[in-house]
Structure formats: structure tokens, C-alpha cells
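Q: Here you go, one structure.
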Amino acid sequence: MSGKGIHHVTAIAGPAQRNLDFYTRILGLRLVKKTVNFDDPGTYHLYYGDEAGHPGSILTFFPWEHVAPGRIGLGETQETVFRVPEGSIDYWTRRFVENGVAHQPLTRRFGEPLLSFQDPDGMRLALVAVPGIENEAGWNGAGIPADAAIRGFHGVNLLLAQAAPTGAILTDVFGFSEVGREGSLVRYSVPDGGAGSIVDINEAGGYLPARLGGGSVHHIAFRAADDAEEAAMVRKLAENHRIHTTEQKDRNYFRSVYFREPGHVLFEIATDVPGFAVDEPASTLGEALKLPSFLEARRSALEATLPRLEPSAT
């Protein structure tokens, strides 16, 4: 497999406007798509990322107004980690203090400076300072300097009882390799080291199972270049690991299959094509409510049901 890494991460949030404000006005991400949950169209599906919504930069949310809080536990993503240019951590620390963002003291993980924080729903996030990424695509919304803007994902941290069974999927199907161990953490990476190239597994038994809710990650999607590569991954899962996926689902901006990996985290395989500019110009991504064709007949009713969102920061 090509080993391109993470495509996107999808999480659960509370009020949509609060979610939009935090990710665009505090973190400075771009709202690259405003659509609905195709399986629950009375709810938004909001996508945040870099200027073009490149795979490896996309964090998406299902915001439910009155969702109960989730509980961190075994079988879920413990932390979602973004990359920022080396030297920008001090800027982000000051920004979090000025905006009342809950955060932890600066620490190091695998030798990298790491600043952990939480969003308003308690979702666990972190920034890692990475050298040599200053010229990569970003989105300096909300007045964030270009030399500090987020450059996509560093990776995710999974909380599992055992690392090896999930590691076997990462290495055999998605092209990752084990590259290091630190305490209870096992690090896997894809060779190119770009956005979304890291999966850390925190091998820690004794926790209760996770309970999904506000602040929980719903699933992690891994990249496939196209339908053919996705089909090859599906075959490898079945033949080598006796894991069967769902049928392919058309999500308009990518085509997906889903499965539970051995640690019970919901994994998705998502194609890089066709991308987020398939139904609106790249210059106006995220400004209009976009619906799949099968929901267009319900547009008026959905627009009347969905909460009104004030425009995001630019």
C-alpha cells in the first residue's frame, strides 16, 4: 500500500456555532465544507482544514445541540494532534491564555514539543512543533500569523488494551511502520512524514470502555488514492485479517468504507478523489450549505431546521 496516512478525523460536538467559533476563530482553520450528516440530515456535518481542504488536514464534526458528554476510555482516539511550525508554540500558548482555552503545561513526546489542550466540548487536542514545515499549505484565518498557522494533522493517539493487533492493520494495510516506543506509547508512521503520518497507540489496560458523546472522536479515516487502491485495502483486510468492511458509501467529496479494527476503534478508508471543490469553487469553500443530490428536494425543510450559523472568521 502507498502509506499516505490519515485522511480525516470525525468527532462529535455540542452547539454548532460554538464549534464553528472555536475552530475558525481560535485555531484559525478554514471551514471548507458546510453540509449535513448524510445519515441524520437534520444535523450539520462541518469540515475544517487548510486552504484547499487537503487530505491530512481535515477535522470534521457532527454537532448535536444537547449531546451528553463522552467518556474517554479503551477503544477510542484519546487525542488528535495538529502540526505547527517550529518556534510557534510560545505564540499558541499565549493565544490559549488570552482566549481562556484549557491547556496543559508544555511537555515533550518522542522528543517533540507538545502543547495539549481541549475544545469547548472537552475534546482532547494537541499541537506539536515540527521543523521544516513553514512552506506547507496552511490557512491563517483569525489573524494568526502565517508562520504559526496549523499545517494539518501530526496524527492521533489511540487508547487501546493492546497495540499489536491494531499495529498489524496499520502496517499491513495502510503502509505504516513502527518507529519508536516511549513508556506505554508505540509510534507508527508512514514513510513520507507529511500531514497525518503518525498514529501513537497508548497501550494501557484497566480502563473502562469509551462512551461516545460530546468531545469524542467518532472515527478515523485513512487515505486511499482512488477506488482501486481502496478495493485493494478491502481485499487485504479480508484475506489477511478476516475483517470485512461495509459497502462503499459515496460521501460526495470522497468514497468510503468502514470497519472496526481489533481495538474496537471505528476506522474508515476514504479516497482522495474527488475532493472538496467538486461542488463549489475553491475560493468560496464552506460558505454555502451543500447537500447531496438525494437531499436537494428537502433543502427548504432542512434549512428551516438547521441552526443559523454566523460566518466563520477569515
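Starting from 1 in every chain, residues are counted up; chains themselves are A, B, ... following the order of the C-alpha cells, and ligands are numbered from 1 as listed.
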I'd like the neighbourhood of A:Gln118 as a PyMOL selection string, where a residue qualifies if any of its atoms comes within 10 Å (using only C-alpha atoms), though same-chain residues fewer than 3 positions away should be ignored.

A: chain A and resi 79+101-104+121-126+215

Q: Can you tell me, as a ChimeraX atom specification, what residues are no more than 9 Å from A:His8 when counting only C-alpha atoms, ignoring any on the same chain fewer than 6 positions away?

A: /A:55-60,153,196,219-223,270

Q: Please write the residues from the selection above to a file, keeping N, CA, C and O atoms, as a short mmCIF file (atom, residue, chain, number, x, y, z; two decimals), in the first residue's frame.

A:
```cif
data_model
loop_
_atom_site.label_atom_id
_atom_site.label_comp_id
_atom_site.auth_asym_id
_atom_site.auth_seq_id
_atom_site.Cartn_x
_atom_site.Cartn_y
_atom_site.Cartn_z
N PRO A 55 -6.36 16.26 2.05
CA PRO A 55 -6.36 15.10 2.96
C PRO A 55 -5.20 15.23 3.93
O PRO A 55 -4.10 15.66 3.57
N GLY A 56 -5.45 14.86 5.19
CA GLY A 56 -4.45 15.03 6.22
C GLY A 56 -4.60 16.32 7.01
O GLY A 56 -3.90 16.52 8.00
N SER A 57 -5.53 17.18 6.59
CA SER A 57 -5.78 18.43 7.31
C SER A 57 -7.19 18.53 7.85
O SER A 57 -7.52 19.49 8.54
N ILE A 58 -8.05 17.56 7.55
CA ILE A 58 -9.49 17.72 7.75
C ILE A 58 -9.97 17.13 9.08
O ILE A 58 -9.86 15.92 9.33
N LEU A 59 -10.54 18.00 9.91
CA LEU A 59 -11.23 17.60 11.14
C LEU A 59 -12.70 17.93 10.94
O LEU A 59 -13.06 19.08 10.64
N THR A 60 -13.57 16.95 11.08
CA THR A 60 -14.99 17.15 10.84
C THR A 60 -15.79 16.88 12.12
O THR A 60 -15.34 16.16 13.01
N PHE A 153 -2.73 17.67 10.29
CA PHE A 153 -2.53 16.79 11.43
C PHE A 153 -1.08 16.34 11.55
O PHE A 153 -0.38 16.14 10.56
N GLY A 196 -0.63 14.07 8.80
CA GLY A 196 -1.40 12.88 9.11
C GLY A 196 -0.61 11.60 9.06
O GLY A 196 -1.17 10.53 8.82
N HIS A 219 -14.73 8.55 14.41
CA HIS A 219 -13.93 7.63 13.60
C HIS A 219 -12.72 8.33 13.02
O HIS A 219 -12.63 9.55 13.00
N ILE A 220 -11.76 7.52 12.55
CA ILE A 220 -10.56 7.99 11.88
C ILE A 220 -10.57 7.43 10.47
O ILE A 220 -10.79 6.22 10.28
N ALA A 221 -10.33 8.30 9.49
CA ALA A 221 -10.28 7.86 8.10
C ALA A 221 -8.84 7.87 7.60
O ALA A 221 -8.09 8.82 7.82
N PHE A 222 -8.47 6.79 6.89
CA PHE A 222 -7.15 6.67 6.28
C PHE A 222 -7.27 6.80 4.76
O PHE A 222 -8.29 6.44 4.17
N ARG A 223 -6.21 7.30 4.16
CA ARG A 223 -6.24 7.67 2.76
C ARG A 223 -6.07 6.48 1.81
O ARG A 223 -5.24 5.62 2.03
N ALA A 270 -10.94 6.29 3.04
CA ALA A 270 -11.56 7.35 2.23
C ALA A 270 -10.65 7.67 1.05
O ALA A 270 -9.44 7.81 1.20
#
```

Q: Neighbouring residues of A:Glu182 were defined as those with any atom within 9 Å, considering only C-alpha atoms; residues of the same chain fewer than 3 positions away were excluded. Please report them as a ChimeraX atom specification.

A: /A:109-110,185-187

Q: Which neighbours of stretch 16-24 of chain A fall inside 10 Å, counting only C-alpha atoms, when residues of the same chain fewer than 5 positions from it are skipped, and could you give them as a PyMOL selection string?

A: chain A and resi 29-31+43-49+59+61-65+99+101+119-121+139-142+306-314

Q: Could you check how far atom CA of A:Val156 sits from atom CA of A:Leu27, in Å to one decimal?

A: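 Interatomic distance here is 17.5 Å.
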
Q: So, counting only C-alpha atoms, which residue among A:Pro191, A:Val273, A:Arg242, A:Gly206 is closest to A:Asp226?

A: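 Counting only C-alpha atoms, the residue closest to A:Asp226 is A:Val273.
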
Q: Using backbone DSSP assignments, extract all alpha helix (DSSP H) residues from stretch 55-183 of chain A; output them as a list in words.

A: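 The alpha helix (DSSP H) residues within stretch 55-183 of chain A come out as Ile89, Asp90, Tyr91, Trp92, Thr93, Arg94, Arg95, Phe96, Val97, Glu98, Ala164, Pro165, Thr166, Gly167, Ala168, Ile169, Leu170, Thr171 and Asp172 of chain A.
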
Q: Generate a file of the selected residues that holds C-alpha atoms, formatted as a short mmCIF file (atom, residue, chain, number, x, y, z; two decimals), in the first residue's frame.

A:
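The resulting file, again.cif, is reproduced below:
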```cif
data_model
loop_
_atom_site.label_atom_id
_atom_site.label_comp_id
_atom_site.auth_asym_id
_atom_site.auth_seq_id
_atom_site.Cartn_x
_atom_site.Cartn_y
_atom_site.Cartn_z
CA ILE A 89 4.45 27.06 20.44
CA ASP A 90 5.02 30.21 22.52
CA TYR A 91 2.58 32.08 20.27
CA TRP A 92 -0.06 29.38 20.74
CA THR A 93 0.45 29.25 24.50
CA ARG A 94 -0.17 33.00 24.72
CA ARG A 95 -3.18 32.69 22.42
CA PHE A 96 -4.72 29.99 24.59
CA VAL A 97 -4.16 32.05 27.75
CA GLU A 98 -5.69 35.17 26.16
CA ALA A 164 -0.01 -5.26 18.35
CA PRO A 165 -3.33 -6.29 16.72
CA THR A 166 -4.09 -2.72 15.63
CA GLY A 167 -0.46 -2.23 14.64
CA ALA A 168 -0.79 -5.18 12.29
CA ILE A 169 -3.60 -3.37 10.43
CA LEU A 170 -1.64 -0.13 10.29
CA THR A 171 1.46 -1.79 8.89
CA ASP A 172 -0.03 -4.37 6.54
#
```

Q: For A:Gly73, which of A:Val234, A:Leu106, A:Ala52, A:Ala210 is the closest residue, counting only C-alpha atoms?

A: A:Ala210

Q: I'd like the contact shell of A:Val128 - 12 Å cut-off, only C-alpha atoms, skipping same-chain residues fewer than 6 positions apart - returned as an NGL selection string.

A: :A and (80-90 or 92-93 or 106-117 or 148-156 or 195 or 198)

Q: For each of A:Ser216, A:Ser293, A:Thr271, A:Ser197, take the minimum atom-to-atom distance to A:Val257, counting only C-alpha atoms, then give the residue where this is smallest.

A: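 When distances to A:Val257 are compared using only C-alpha atoms, the smallest one comes from A:Thr271.
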
Q: So how many Å separate atom CA of A:Ala288 and atom CA of A:Val217, to one decimal?

A: 25.5 Å

Q: Which one of A:Leu295, A:Val173, A:Val9, A:Ala228 sits closest to A:Glu261 if you count only C-alpha atoms?

A: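 Result for the nearest residue to A:Glu261: A:Val173.
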
Q: Can you work out which one of A:Ile133, A:Ile12, A:Ala232, A:Ile269 has the shortest atom-to-atom distance to A:Asp250, counting only C-alpha atoms?

A: A:Ile269

Q: Would you list the contacts of A:Leu285 as a list of chain:residue names, taking every protein, DNA or RNA residue within 8 Å and counting only C-alpha atoms, but skipping same-chain residues closer than 2 positions in sequence?

A: A:Leu31, A:Val32, A:Lys33, A:Phe276, A:Ala277, A:Glu280, A:Pro281, A:Ala282, A:Ser283, A:Glu287, A:Ala288

Q: For A:His241, which residue among A:Pro262, A:Arg299, A:Val36, A:Glu229 is the nearest when counting only C-alpha atoms?

A: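 Between A:Pro262, A:Arg299, A:Val36, A:Glu229, the residue approaching A:His241 most closely is A:Pro262.
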
Q: List every residue of stretch 214-287 of chain A that DSSP, applied to the backbone of this structure, places in strand (DSSP E), and write the result as a list of chain:residue names.

A: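 Result set for stretch 214-287 of chain A (strand (DSSP E)): A:Val217, A:His218, A:His219, A:Ile220, A:Ala221, A:Phe222, A:Arg223, A:Ala224, A:Lys249, A:Asp250, A:Arg255, A:Ser256, A:Val257, A:Tyr258, A:Phe259, A:Arg260, A:Leu266, A:Phe267, A:Glu268, A:Ile269, A:Ala270, A:Thr271.
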
Q: Just give me the gap between atom CA of A:Glu296 and atom CA of A:Tyr258 in Å, one decimal is fine.

A: 25.4 Å
